[in-house]
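Next up, my_file-v6.cif (mmCIF, C-alpha atoms and all ligand atoms):
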data_protein
loop_
_atom_site.label_atom_id
_atom_site.label_comp_id
_atom_site.auth_asym_id
_atom_site.auth_seq_id
_atom_site.Cartn_x
_atom_site.Cartn_y
_atom_site.Cartn_z
CA MET A 1 -19.67 9.75 39.19
CA PRO A 2 -19.86 7.56 36.05
CA LYS A 3 -16.80 5.42 35.53
CA LYS A 4 -14.46 7.11 33.09
CA GLN A 5 -14.12 5.12 29.86
CA LYS A 6 -10.62 4.27 28.69
CA LEU A 7 -9.58 6.26 25.66
CA GLN A 8 -9.01 4.13 22.59
CA SER A 9 -8.23 4.65 18.92
CA PRO A 10 -11.38 5.08 16.79
CA VAL A 11 -13.18 1.90 15.68
CA GLY A 12 -11.42 0.27 12.72
CA MET A 13 -8.38 2.55 13.01
CA SER A 14 -5.25 1.39 14.73
CA ASP A 15 -1.81 2.48 15.76
CA ILE A 16 1.03 1.18 13.66
CA LEU A 17 3.29 0.04 16.45
CA PRO A 18 7.09 -0.07 16.15
CA GLU A 19 7.01 -3.85 15.63
CA ASP A 20 5.03 -3.40 12.39
CA GLN A 21 7.01 -0.47 11.07
CA LYS A 22 9.55 -2.80 9.47
CA TYR A 23 6.82 -4.20 7.21
CA PHE A 24 5.69 -0.74 6.14
CA LYS A 25 9.30 0.24 5.52
CA LYS A 26 10.03 -2.86 3.45
CA ILE A 27 6.89 -2.47 1.32
CA TYR A 28 7.63 1.22 0.80
CA GLU A 29 11.24 0.54 -0.17
CA ILE A 30 10.31 -2.13 -2.71
CA ALA A 31 7.53 0.00 -4.21
CA GLU A 32 9.90 2.97 -4.41
CA ARG A 33 12.65 0.94 -6.07
CA ILE A 34 10.25 -0.42 -8.67
CA ALA A 35 8.72 3.05 -9.20
CA ASP A 36 12.19 4.51 -9.83
CA PHE A 37 13.04 1.71 -12.24
CA TYR A 38 9.89 2.19 -14.32
CA GLY A 39 10.10 6.01 -14.21
CA PHE A 40 7.17 6.75 -11.87
CA LEU A 41 7.27 9.98 -9.85
CA LYS A 42 5.89 10.18 -6.32
CA ILE A 43 2.81 12.29 -5.63
CA ASP A 44 1.07 13.09 -2.34
CA THR A 45 -2.41 14.54 -2.55
CA PRO A 46 -4.30 15.77 0.54
CA ILE A 47 -6.09 13.12 2.60
CA VAL A 48 -9.27 15.17 2.20
CA GLU A 49 -10.81 16.44 -1.02
CA ASP A 50 -14.02 18.25 -1.90
CA GLU A 51 -16.67 15.58 -1.61
CA GLU A 52 -17.60 16.32 -5.20
CA VAL A 53 -14.29 14.82 -6.41
CA PHE A 54 -15.48 11.40 -5.24
CA ASP A 55 -19.19 11.92 -5.99
CA LYS A 56 -18.34 12.69 -9.61
CA GLY A 57 -15.21 10.55 -9.90
CA THR A 58 -15.76 7.31 -8.01
CA GLY A 59 -19.52 7.67 -8.55
CA ILE A 60 -22.42 8.65 -6.34
CA SER A 61 -24.05 5.21 -6.59
CA THR A 62 -20.96 3.19 -5.65
CA ASP A 63 -20.75 1.57 -2.21
CA ILE A 64 -17.62 3.41 -1.20
CA VAL A 65 -19.22 6.81 -1.85
CA ARG A 66 -22.81 6.06 -0.89
CA LYS A 67 -22.16 4.05 2.25
CA GLU A 68 -18.53 4.29 3.26
CA MET A 69 -17.32 7.86 2.89
CA PHE A 70 -16.43 10.00 5.91
CA SER A 71 -17.79 13.41 4.90
CA PHE A 72 -17.96 16.56 6.95
CA ARG A 73 -18.76 20.24 6.70
CA THR A 74 -15.94 22.62 7.62
CA LYS A 75 -16.47 25.74 9.74
CA GLY A 76 -16.39 27.69 6.47
CA GLY A 77 -19.18 25.54 4.99
CA ASP A 78 -17.16 23.45 2.51
CA VAL A 79 -18.17 19.80 2.25
CA LEU A 80 -15.05 17.65 2.35
CA ALA A 81 -14.48 13.90 2.48
CA LEU A 82 -11.66 11.77 3.81
CA ARG A 83 -10.35 10.10 0.69
CA PRO A 84 -11.73 6.56 0.27
CA GLU A 85 -9.39 5.88 -2.66
CA GLY A 86 -6.56 7.57 -4.55
CA THR A 87 -7.43 7.81 -8.23
CA PRO A 88 -9.94 10.74 -8.25
CA GLY A 89 -7.57 12.95 -6.20
CA ILE A 90 -4.78 12.24 -8.67
CA ALA A 91 -7.05 12.99 -11.62
CA ARG A 92 -8.01 16.26 -9.88
CA ALA A 93 -4.31 17.10 -9.41
CA TYR A 94 -3.60 16.27 -13.08
CA ILE A 95 -6.22 18.80 -14.16
CA GLU A 96 -5.37 21.42 -11.53
CA HIS A 97 -1.65 21.49 -12.37
CA GLY A 98 -2.17 21.43 -16.15
CA MET A 99 -0.26 18.14 -16.41
CA HIS A 100 -1.73 17.62 -19.90
CA SER A 101 0.89 20.13 -21.10
CA TRP A 102 3.77 18.13 -19.57
CA PRO A 103 5.38 15.39 -21.67
CA GLN A 104 2.89 12.48 -21.70
CA PRO A 105 2.31 10.01 -20.23
CA ILE A 106 2.44 11.16 -16.61
CA LYS A 107 3.50 8.25 -14.42
CA LEU A 108 2.75 8.72 -10.73
CA TRP A 109 2.80 6.59 -7.61
CA TYR A 110 1.62 7.13 -4.04
CA PHE A 111 1.67 5.55 -0.61
CA GLY A 112 -0.67 6.78 2.11
CA PRO A 113 -3.71 6.33 4.36
CA PHE A 114 -7.29 5.97 3.08
CA PHE A 115 -10.60 5.89 4.91
CA ARG A 116 -13.80 3.90 4.48
CA TYR A 117 -16.65 3.58 6.94
CA GLU A 118 -16.71 -0.23 6.82
CA HIS A 119 -17.65 -2.94 9.24
CA PRO A 120 -14.18 -3.71 10.63
CA GLN A 121 -12.91 -7.30 10.35
CA ALA A 122 -9.61 -9.03 9.54
CA GLY A 123 -8.12 -7.28 6.50
CA ARG A 124 -10.85 -4.60 6.45
CA TYR A 125 -10.41 -1.40 8.42
CA ARG A 126 -11.70 2.16 8.50
CA GLN A 127 -8.24 3.59 8.08
CA PHE A 128 -5.91 1.56 5.90
CA TRP A 129 -2.89 2.26 3.70
CA GLN A 130 -2.63 1.80 0.00
CA LEU A 131 0.16 2.09 -2.51
CA GLY A 132 -0.91 2.95 -6.00
CA PHE A 133 0.47 3.45 -9.49
CA GLU A 134 -1.22 5.57 -12.16
CA VAL A 135 -0.36 6.35 -15.78
CA LEU A 136 -2.23 9.33 -17.26
CA GLY A 137 -2.22 10.32 -20.92
CA GLU A 138 -1.57 6.94 -22.55
CA ALA A 139 -4.21 4.86 -24.31
CA GLY A 140 -2.11 1.88 -25.42
CA PRO A 141 -2.67 -1.59 -23.92
CA VAL A 142 1.02 -1.88 -23.06
CA ILE A 143 0.37 0.34 -20.02
CA ASP A 144 -2.36 -1.99 -18.77
CA ALA A 145 0.08 -4.90 -18.89
CA GLN A 146 2.90 -2.88 -17.36
CA ILE A 147 0.94 -1.81 -14.28
CA ILE A 148 -0.22 -5.39 -13.72
CA GLN A 149 3.41 -6.46 -14.07
CA ILE A 150 4.52 -3.80 -11.55
CA PHE A 151 2.01 -4.98 -8.93
CA TYR A 152 2.93 -8.59 -9.55
CA ASN A 153 6.64 -7.79 -9.21
CA ILE A 154 6.18 -5.84 -5.98
CA LEU A 155 4.43 -8.83 -4.42
CA LYS A 156 7.03 -11.21 -5.82
CA ASP A 157 9.89 -9.10 -4.49
CA LEU A 158 8.15 -9.24 -1.10
CA LYS A 159 8.29 -13.04 -1.52
CA LEU A 160 4.52 -13.53 -1.40
CA LYS A 161 3.38 -16.91 -2.66
CA ASP A 162 0.33 -18.25 -4.42
CA MET A 163 -0.68 -15.09 -6.23
CA SER A 164 -3.20 -14.96 -8.99
CA VAL A 165 -4.21 -12.23 -11.39
CA GLU A 166 -7.79 -12.03 -12.60
CA LEU A 167 -8.80 -9.97 -15.57
CA ASN A 168 -11.84 -8.76 -17.42
CA SER A 169 -12.82 -6.03 -19.83
CA ILE A 170 -15.95 -4.04 -19.10
CA GLY A 171 -16.02 -2.14 -22.39
CA ASP A 172 -16.18 1.57 -23.08
CA ASN A 173 -18.78 4.20 -23.94
CA GLN A 174 -19.52 2.41 -27.19
CA CYS A 175 -20.29 -1.08 -25.85
CA LYS A 176 -20.86 -0.70 -22.09
CA PRO A 177 -24.27 1.04 -22.36
CA TYR A 178 -25.53 -1.69 -24.68
CA TYR A 179 -24.33 -4.43 -22.33
CA ARG A 180 -25.87 -2.62 -19.34
CA LYS A 181 -29.20 -2.56 -21.11
CA LEU A 182 -28.89 -6.24 -22.00
CA LEU A 183 -28.08 -7.18 -18.40
CA THR A 184 -30.84 -4.94 -17.03
CA ASN A 185 -33.45 -6.58 -19.25
CA TYR A 186 -32.17 -10.02 -18.30
CA LEU A 187 -32.32 -9.21 -14.58
CA LYS A 188 -35.71 -7.53 -14.77
CA SER A 189 -37.15 -10.78 -16.07
CA ARG A 190 -35.77 -12.54 -12.94
CA GLU A 191 -36.19 -9.73 -10.44
CA SER A 192 -38.21 -11.74 -7.93
CA SER A 193 -35.38 -14.30 -7.57
CA LEU A 194 -32.69 -11.69 -6.87
CA CYS A 195 -31.38 -10.66 -3.44
CA PRO A 196 -32.74 -7.26 -2.21
CA GLU A 197 -29.39 -5.53 -2.87
CA CYS A 198 -29.31 -6.70 -6.51
CA ARG A 199 -32.88 -5.57 -7.01
CA LYS A 200 -31.65 -2.10 -6.11
CA ARG A 201 -28.59 -2.54 -8.31
CA ILE A 202 -30.76 -3.01 -11.43
CA LYS A 203 -31.61 0.67 -11.19
CA GLU A 204 -28.47 2.09 -9.65
CA ASN A 205 -25.39 0.15 -10.70
CA VAL A 206 -26.35 -2.92 -12.65
CA LEU A 207 -22.81 -4.20 -13.32
CA ARG A 208 -22.37 -4.64 -9.54
CA PHE A 209 -24.76 -7.60 -9.81
CA LEU A 210 -21.91 -9.53 -11.41
CA ASP A 211 -19.84 -9.56 -8.24
CA CYS A 212 -22.73 -10.27 -5.86
CA LYS A 213 -21.75 -13.04 -3.46
CA GLU A 214 -25.31 -13.96 -2.35
CA GLU A 215 -26.17 -17.64 -2.84
CA LYS A 216 -29.53 -16.68 -4.33
CA CYS A 217 -28.01 -14.74 -7.20
CA GLN A 218 -25.40 -17.32 -8.27
CA PRO A 219 -27.55 -19.41 -10.66
CA ILE A 220 -28.84 -16.21 -12.27
CA LYS A 221 -25.25 -15.04 -12.68
CA THR A 222 -24.15 -18.20 -14.47
CA GLU A 223 -26.86 -17.72 -17.08
CA ALA A 224 -26.33 -13.97 -17.46
CA PRO A 225 -25.00 -12.49 -20.72
CA GLN A 226 -21.23 -11.97 -20.52
CA ILE A 227 -19.62 -8.67 -21.37
CA LEU A 228 -16.66 -10.23 -23.17
CA GLU A 229 -19.08 -11.48 -25.80
CA HIS A 230 -20.49 -7.99 -26.33
CA LEU A 231 -17.37 -5.83 -26.54
CA CYS A 232 -17.04 -3.46 -29.50
CA ASP A 233 -14.17 -4.12 -31.92
CA GLU A 234 -11.92 -1.52 -30.33
CA CYS A 235 -12.33 -2.92 -26.80
CA LYS A 236 -11.94 -6.47 -28.08
CA ALA A 237 -8.67 -5.64 -29.85
CA HIS A 238 -7.38 -3.70 -26.83
CA PHE A 239 -8.09 -6.56 -24.44
CA LYS A 240 -6.60 -9.15 -26.79
CA THR A 241 -3.37 -7.16 -26.94
CA VAL A 242 -3.23 -6.81 -23.13
CA LEU A 243 -3.48 -10.61 -22.86
CA GLU A 244 -0.75 -11.05 -25.47
CA PHE A 245 1.56 -8.72 -23.53
CA LEU A 246 0.89 -10.60 -20.30
CA ASP A 247 1.68 -13.88 -22.05
CA GLU A 248 4.89 -12.35 -23.34
CA ILE A 249 6.04 -11.22 -19.89
CA GLU A 250 4.87 -14.51 -18.39
CA ILE A 251 2.39 -13.16 -15.89
CA PRO A 252 -0.09 -15.95 -15.18
CA TYR A 253 -3.71 -14.75 -15.29
CA GLN A 254 -7.27 -15.98 -15.40
CA LEU A 255 -10.20 -14.40 -17.16
CA ASN A 256 -13.04 -13.63 -14.79
CA PRO A 257 -16.22 -12.49 -16.58
CA TYR A 258 -17.73 -11.44 -13.23
CA LEU A 259 -14.97 -9.00 -12.30
CA VAL A 260 -16.37 -5.45 -12.54
CA ARG A 261 -14.77 -3.54 -9.64
CA GLY A 262 -17.89 -1.52 -8.97
CA LEU A 263 -16.54 1.99 -9.54
CA ASP A 264 -18.14 4.20 -12.17
CA TYR A 265 -15.01 5.30 -13.94
CA TYR A 266 -13.60 2.01 -15.18
CA THR A 267 -13.46 1.32 -18.91
CA LYS A 268 -11.94 -1.61 -20.80
CA THR A 269 -9.42 -3.61 -18.71
CA VAL A 270 -10.02 -4.29 -15.00
CA PHE A 271 -7.84 -6.54 -12.86
CA GLU A 272 -7.42 -7.90 -9.37
CA ILE A 273 -4.52 -9.65 -7.65
CA SER A 274 -5.24 -12.05 -4.84
CA SER A 275 -3.58 -14.73 -2.78
CA SER A 276 -4.98 -17.50 -0.62
CA ILE A 277 -5.12 -17.30 3.14
CA GLU A 278 -6.26 -19.72 5.78
CA LYS A 279 -9.42 -18.65 7.58
CA GLU A 280 -8.41 -18.06 11.17
CA GLY A 281 -8.88 -21.24 13.20
CA GLU A 282 -10.77 -23.01 10.39
CA GLY A 283 -7.93 -24.55 8.42
CA GLU A 284 -9.84 -23.84 5.21
CA LYS A 285 -8.27 -21.56 2.60
CA LYS A 286 -9.97 -18.65 0.95
CA ARG A 287 -8.79 -16.13 -1.59
CA MET A 288 -8.37 -12.54 -0.50
CA GLU A 289 -7.81 -9.55 -2.73
CA LEU A 290 -4.53 -7.71 -2.31
CA GLY A 291 -5.06 -5.10 -4.95
CA GLY A 292 -6.72 -4.16 -8.18
CA GLY A 293 -7.38 -1.47 -10.71
CA GLY A 294 -8.09 -0.80 -14.32
CA ARG A 295 -8.37 1.63 -17.17
CA TYR A 296 -10.26 4.88 -16.63
CA ASP A 297 -10.33 6.68 -19.96
CA LYS A 298 -13.25 8.99 -19.08
CA LEU A 299 -12.47 10.06 -15.51
CA ILE A 300 -10.40 13.14 -16.20
CA LYS A 301 -13.03 14.52 -18.59
CA THR A 302 -15.76 13.76 -16.04
CA LEU A 303 -13.87 15.85 -13.49
CA GLY A 304 -13.63 18.81 -15.88
CA GLY A 305 -10.37 18.08 -17.73
CA ARG A 306 -9.62 17.10 -21.32
CA ASP A 307 -10.32 13.68 -22.72
CA THR A 308 -7.33 11.78 -21.25
CA PRO A 309 -6.90 8.02 -21.26
CA ALA A 310 -5.42 6.54 -18.09
CA PHE A 311 -4.77 3.33 -16.20
CA GLY A 312 -4.01 2.65 -12.54
CA GLY A 313 -4.42 0.48 -9.53
CA ALA A 314 -3.83 0.19 -5.80
CA MET A 315 -2.83 -2.44 -3.27
CA GLY A 316 -3.67 -2.59 0.42
CA VAL A 317 -0.60 -2.37 2.66
CA GLU A 318 -2.20 -4.00 5.76
CA ARG A 319 -3.45 -6.85 3.57
CA ILE A 320 0.05 -7.42 2.19
CA ILE A 321 1.41 -7.41 5.75
CA MET A 322 -1.28 -9.87 6.85
CA PHE A 323 -0.19 -12.23 4.09
CA MET A 324 3.50 -11.74 4.85
CA LYS A 325 2.87 -12.71 8.46
CA ARG A 326 0.68 -15.70 7.63
CA GLN A 327 3.19 -16.90 5.04
CA GLU A 328 5.94 -16.40 7.64
CA ILE A 329 7.99 -14.10 5.46
CA GLU A 330 10.88 -12.75 7.52
CA ILE A 331 12.27 -9.28 7.10
CA GLU A 332 15.98 -8.99 7.72
CA GLU A 333 16.76 -6.03 9.91
CA THR A 334 19.52 -4.26 8.07
CA LYS A 335 20.50 -1.91 10.89
CA GLU A 336 23.94 -2.93 12.04
CA VAL A 337 25.42 -1.29 15.09
CA SER A 338 29.24 -1.25 15.11
CA VAL A 339 30.02 0.43 18.41
CA PHE A 340 28.53 0.64 21.91
CA LEU A 341 29.11 3.53 24.31
CA ALA A 342 29.16 2.55 27.99
CA GLN A 343 29.53 5.09 30.79
CA ILE A 344 29.84 5.20 34.56
CA GLY A 345 29.09 8.39 36.46
CA ASP A 346 27.66 11.80 35.62
CA LEU A 347 30.78 13.34 34.12
CA ALA A 348 31.28 10.30 31.88
CA LYS A 349 27.63 10.44 30.80
CA ARG A 350 28.02 14.08 29.80
CA LYS A 351 31.18 13.33 27.80
CA CYS A 352 29.44 10.38 26.14
CA LEU A 353 26.61 12.58 24.89
CA LYS A 354 29.19 14.66 23.02
CA LEU A 355 31.05 11.58 21.81
CA LEU A 356 27.78 10.09 20.47
CA ASP A 357 27.25 13.16 18.35
CA GLN A 358 30.79 12.96 17.00
CA PHE A 359 30.09 9.36 15.91
CA ARG A 360 26.84 10.47 14.26
CA LYS A 361 28.76 13.08 12.24
CA ALA A 362 31.31 10.42 11.29
CA LYS A 363 28.39 8.19 10.11
CA ILE A 364 29.37 5.35 12.44
CA SER A 365 26.35 3.62 14.00
CA VAL A 366 26.42 3.57 17.78
CA GLY A 367 24.31 1.91 20.48
CA GLU A 368 23.95 3.17 24.04
CA SER A 369 21.89 2.76 27.22
CA PHE A 370 22.45 6.12 28.86
CA GLY A 371 19.52 5.44 31.16
CA LYS A 372 21.37 2.54 32.78
CA ASP A 373 24.11 3.07 35.35
CA SER A 374 25.33 -0.48 35.85
CA LEU A 375 28.26 -1.42 33.64
CA LYS A 376 27.09 -5.05 33.60
CA ALA A 377 23.68 -4.13 32.20
CA GLN A 378 25.33 -1.94 29.57
CA MET A 379 27.77 -4.69 28.54
CA ASN A 380 24.84 -7.11 28.22
CA ARG A 381 23.13 -4.72 25.84
CA ALA A 382 26.37 -4.35 23.83
CA ASP A 383 26.53 -8.16 23.54
CA LYS A 384 22.93 -8.33 22.35
CA LEU A 385 23.60 -5.74 19.66
CA GLY A 386 26.60 -7.75 18.47
CA VAL A 387 28.89 -4.70 18.24
CA ARG A 388 32.58 -4.99 17.27
CA PHE A 389 33.82 -2.48 19.88
CA THR A 390 32.57 -1.10 23.16
CA LEU A 391 33.88 2.23 24.38
CA ILE A 392 33.95 2.45 28.16
CA LEU A 393 34.13 5.79 29.86
CA GLY A 394 34.46 5.48 33.64
CA GLN A 395 35.04 8.19 36.23
CA LYS A 396 38.82 7.92 35.91
CA GLU A 397 38.76 8.11 32.11
CA ALA A 398 36.36 11.04 32.20
CA LEU A 399 38.78 12.96 34.43
CA ASP A 400 41.84 11.93 32.36
CA GLY A 401 40.18 12.74 29.03
CA THR A 402 40.63 9.15 27.82
CA VAL A 403 38.40 6.23 26.87
CA ILE A 404 38.81 2.44 26.87
CA ILE A 405 38.17 0.67 23.56
CA ARG A 406 37.29 -2.97 24.09
CA ASP A 407 37.43 -5.40 21.18
CA MET A 408 34.36 -7.58 21.74
CA LYS A 409 35.80 -10.50 19.73
CA ASN A 410 38.89 -11.12 21.87
CA GLY A 411 38.32 -8.93 24.95
CA LYS A 412 41.51 -6.91 24.33
CA GLN A 413 41.35 -3.35 25.61
CA GLU A 414 43.31 -0.22 24.87
CA ILE A 415 43.15 3.30 26.22
CA VAL A 416 43.07 6.21 23.77
CA LYS A 417 42.65 9.97 24.05
CA LEU A 418 38.98 10.93 24.01
CA GLU A 419 39.41 13.38 21.10
CA LYS A 420 41.04 10.59 19.04
CA ALA A 421 38.35 8.00 19.83
CA VAL A 422 36.26 8.40 16.65
CA GLN A 423 39.31 8.35 14.40
CA GLU A 424 40.75 5.27 16.18
CA VAL A 425 37.48 3.37 15.94
CA ARG A 426 37.16 4.24 12.26
CA GLU A 427 40.61 2.78 11.60
CA MET A 428 39.90 -0.31 13.70
CA LEU A 429 36.58 -0.95 11.87
CA LYS A 430 38.46 -1.01 8.55
CA LYS A 431 40.62 -3.95 9.69
P1 LIG B 501 -10.11 -1.11 -3.81
O1 LIG B 501 -9.84 0.33 -4.04
O2 LIG B 501 -11.36 -1.38 -3.04
O3 LIG B 501 -9.96 -1.95 -5.01
O4 LIG B 501 -8.95 -1.57 -2.83
C1 LIG B 501 -7.65 -1.88 -3.25
C2 LIG B 501 -7.00 -2.66 -2.18
O5 LIG B 501 -6.97 -1.92 -0.96
C3 LIG B 501 -7.75 -3.93 -1.80
O6 LIG B 501 -7.37 -4.98 -2.62
C4 LIG B 501 -7.31 -4.15 -0.38
O7 LIG B 501 -6.05 -4.78 -0.37
C5 LIG B 501 -7.17 -2.76 0.14
N1 LIG B 501 -8.38 -2.33 0.89
C6 LIG B 501 -9.53 -1.84 0.40
N2 LIG B 501 -10.38 -1.54 1.38
C7 LIG B 501 -9.75 -1.85 2.52
C8 LIG B 501 -10.10 -1.77 3.91
N3 LIG B 501 -11.26 -1.29 4.29
N4 LIG B 501 -9.20 -2.19 4.82
C9 LIG B 501 -7.99 -2.67 4.45
N5 LIG B 501 -7.60 -2.75 3.16
C10 LIG B 501 -8.46 -2.36 2.22
#
As structure tokens, please, write out the structure in this file.
Ligand code: AMP
Amino acid sequence: MPKKQKLQSPVGMSDILPEDQKYFKKIYEIAERIADFYGFLKIDTPIVEDEEVFDKGTGISTDIVRKEMFSFRTKGGDVLALRPEGTPGIARAYIEHGMHSWPQPIKLWYFGPFFRYEHPQAGRYRQFWQLGFEVLGEAGPVIDAQIIQIFYNILKDLKLKDMSVELNSIGDNQCKPYYRKLLTNYLKSRESSLCPECRKRIKENVLRFLDCKEEKCQPIKTEAPQILEHLCDECKAHFKTVLEFLDEIEIPYQLNPYLVRGLDYYTKTVFEISSSIEKEGEGEKKRMELGGGGRYDKLIKTLGGRDTPAFGGAMGVERIIMFMKRQEIEIEETKEVSVFLAQIGDLAKRKCLKLLDQFRKAKISVGESFGKDSLKAQMNRADKLGVRFTLILGQKEALDGTVIIRDMKNGKQEIVKLEKAVQEVREMLKK
């Protein structure tokens, strides 16, 4: 018989173990607090969509659709895809629920898992979590600055250090086609010196050349025409105002003429936030992206809705956690346990189960080790939890209908009626 292989989670997808849940919780809480403050409402879209939503939205020639999407045919014959990113699903929901008739703009945020068929490595997985913010129905540059500010503030509230914001404008339907043509002509004249991927990009997604990391393409990149010099007046004015707002709110940024973010739907402003991280075991630092986004004024129309300007972005939760760990950012555990319930014997255990529920109803936090029989082991646990009082229910007390309340600070003990225990403890905790 062949040796049975051990079952494991799928490649690039991992369990979020209890020890990491505190990071997820903290990031969620901070994102939620900031979302509430800025008036964003939470949305959850399905983790699968019709494949068409991403083909049309993200773009059929983009890497995440062409190479990285998990698609499948259902028993009924529909072709669905695990969502590789959040924005097209939200745009689909905006159209489907007629949100254009709600008071504009629509400000939404989300927090959930996403899927990309990538080559797994540190900070890059096949299932990962993102939190995202989107504003739909607002064309003004103030929104661009506000979303960048929100992302920056979330990371700051998480105490992340060494962040930088990079910005670019990639134009709109007026100036982008002209720039694309200019770049295509430039690259065609140097085609033989380009890497094989960029040779393909000339035909399929020419702007992607600008963020090619291949050594070979770097000198060609430096000489390439820059989009910022070819923006139409409207895009130029929009971008200038975004920069003025960022100056005003004191968000430090750098212009990066090579930032394009590869997805089809971006127009005008695009941004990325990164921080530096030491390469494992190498001591050398490199920058790693934590999040990014941009304006997508044409996406909703492309998906069948009305012409609706919008701006949004997303950050990777595992990446943020990776940085928090490397930067040794501690998370205080806020759960405080006030009381411990110790029991000896079956009758006492039964009575303790009931008592525990009475404490829950009274909203008093309680620790217990009902699985342990030894009083010593239970008292050790109570010490570890740092509780103020331990309630001890032995065989005698269980029969008498009483319980011992032990003050853990001074070791003083008193016996009270079992039915009065919760009330007594409540009073004692107030002192
Ligand atoms: P993107 O939609 O590619 O701009 O991704 C936004 C953010 O999500 C990135 O900055 C990363 O922090 C995170 N992210 C993207 N892809 C992955 C992945 N495969 N694994 C983990 N995090 C990812």
Sort by chain and increasing residue number a table of all residues of chain A within 8 Å of ligand LIG 501 (chain B), each with its closest pair of atoms and their distance in Å to one decimal, counting all atoms listed in the file, and write it as JSON lines.
{"residue": "A:Pro84", "atom": "CA", "partner": "B:LIG501", "partner_atom": "O1", "distance": 7.8}
{"residue": "A:Glu85", "atom": "CA", "partner": "B:LIG501", "partner_atom": "O1", "distance": 5.7}
{"residue": "A:Gly86", "atom": "CA", "partner": "B:LIG501", "partner_atom": "O1", "distance": 8.0}
{"residue": "A:Phe115", "atom": "CA", "partner": "B:LIG501", "partner_atom": "N3", "distance": 7.2}
{"residue": "A:Arg116", "atom": "CA", "partner": "B:LIG501", "partner_atom": "N3", "distance": 5.8}
{"residue": "A:Tyr117", "atom": "CA", "partner": "B:LIG501", "partner_atom": "N3", "distance": 7.7}
{"residue": "A:Glu118", "atom": "CA", "partner": "B:LIG501", "partner_atom": "N3", "distance": 6.1}
{"residue": "A:Pro120", "atom": "CA", "partner": "B:LIG501", "partner_atom": "N3", "distance": 7.4}
{"residue": "A:Gly123", "atom": "CA", "partner": "B:LIG501", "partner_atom": "C9", "distance": 5.0}
{"residue": "A:Arg124", "atom": "CA", "partner": "B:LIG501", "partner_atom": "N4", "distance": 3.3}
{"residue": "A:Tyr125", "atom": "CA", "partner": "B:LIG501", "partner_atom": "N4", "distance": 3.9}
{"residue": "A:Arg126", "atom": "CA", "partner": "B:LIG501", "partner_atom": "N3", "distance": 5.5}
{"residue": "A:Gln127", "atom": "CA", "partner": "B:LIG501", "partner_atom": "N4", "distance": 6.7}
{"residue": "A:Phe128", "atom": "CA", "partner": "B:LIG501", "partner_atom": "C9", "distance": 4.9}
{"residue": "A:Trp129", "atom": "CA", "partner": "B:LIG501", "partner_atom": "N5", "distance": 6.9}
{"residue": "A:Gln130", "atom": "CA", "partner": "B:LIG501", "partner_atom": "O5", "distance": 5.8}
{"residue": "A:Arg261", "atom": "CA", "partner": "B:LIG501", "partner_atom": "O3", "distance": 6.9}
{"residue": "A:Glu272", "atom": "CA", "partner": "B:LIG501", "partner_atom": "O6", "distance": 7.4}
{"residue": "A:Ile273", "atom": "CA", "partner": "B:LIG501", "partner_atom": "O6", "distance": 7.4}
{"residue": "A:Ser274", "atom": "CA", "partner": "B:LIG501", "partner_atom": "O6", "distance": 7.7}
{"residue": "A:Met288", "atom": "CA", "partner": "B:LIG501", "partner_atom": "O6", "distance": 7.9}
{"residue": "A:Glu289", "atom": "CA", "partner": "B:LIG501", "partner_atom": "O6", "distance": 4.6}
{"residue": "A:Leu290", "atom": "CA", "partner": "B:LIG501", "partner_atom": "O7", "distance": 3.8}
{"residue": "A:Gly291", "atom": "CA", "partner": "B:LIG501", "partner_atom": "O6", "distance": 3.3}
{"residue": "A:Gly292", "atom": "CA", "partner": "B:LIG501", "partner_atom": "O3", "distance": 5.0}
{"residue": "A:Gly293", "atom": "CA", "partner": "B:LIG501", "partner_atom": "O3", "distance": 6.3}
{"residue": "A:Gly313", "atom": "CA", "partner": "B:LIG501", "partner_atom": "C1", "distance": 7.4}
{"residue": "A:Ala314", "atom": "CA", "partner": "B:LIG501", "partner_atom": "C1", "distance": 5.0}
{"residue": "A:Met315", "atom": "CA", "partner": "B:LIG501", "partner_atom": "C2", "distance": 4.3}
{"residue": "A:Gly316", "atom": "CA", "partner": "B:LIG501", "partner_atom": "O7", "distance": 3.3}
{"residue": "A:Val317", "atom": "CA", "partner": "B:LIG501", "partner_atom": "O7", "distance": 6.7}
{"residue": "A:Glu318", "atom": "CA", "partner": "B:LIG501", "partner_atom": "C9", "distance": 6.1}
{"residue": "A:Arg319", "atom": "CA", "partner": "B:LIG501", "partner_atom": "O7", "distance": 5.2}
{"residue": "A:Ile320", "atom": "CA", "partner": "B:LIG501", "partner_atom": "O7", "distance": 7.1}
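For the pair CA of Ile364 (chain A) and CA of Ala342 (chain A), the separation is 15.8 Å.
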So for region 19-34 of chain A, what box centre and size do we get, axis-aligned, 5 Å extra on each of the six sides, every listed atom, Å to one decimal, as AutoDock Vina command-line options?
--center_x 8.8 --center_y -0.6 --center_z 3.5 --size_x 17.6 --size_y 17.2 --size_z 34.3
Between CA of Val11 (chain A) and CA of Arg83 (chain A), measure the distance and give it in Å to one decimal. 17.3 Å
At what distance in Å, to one decimal, does CA of Leu243 (chain A) lie from CA of Pro309 (chain A)? 19.0 Å
Pick the closest to Gln327 (chain A) from A:Gly411, A:Asp162, A:Cys198, A:His230: which is it, counting all atoms listed in the file? A:Asp162
Can you tell me which residues surround Leu299 (chain A) at a distance of at most 12 Å, considering all atoms listed in the file, apart from same-chain residues fewer than 6 positions away, and format the answer as a PyMOL selection string? chain A and resi 53-59+87-92+94-95+136-137+172+263-267+305-312
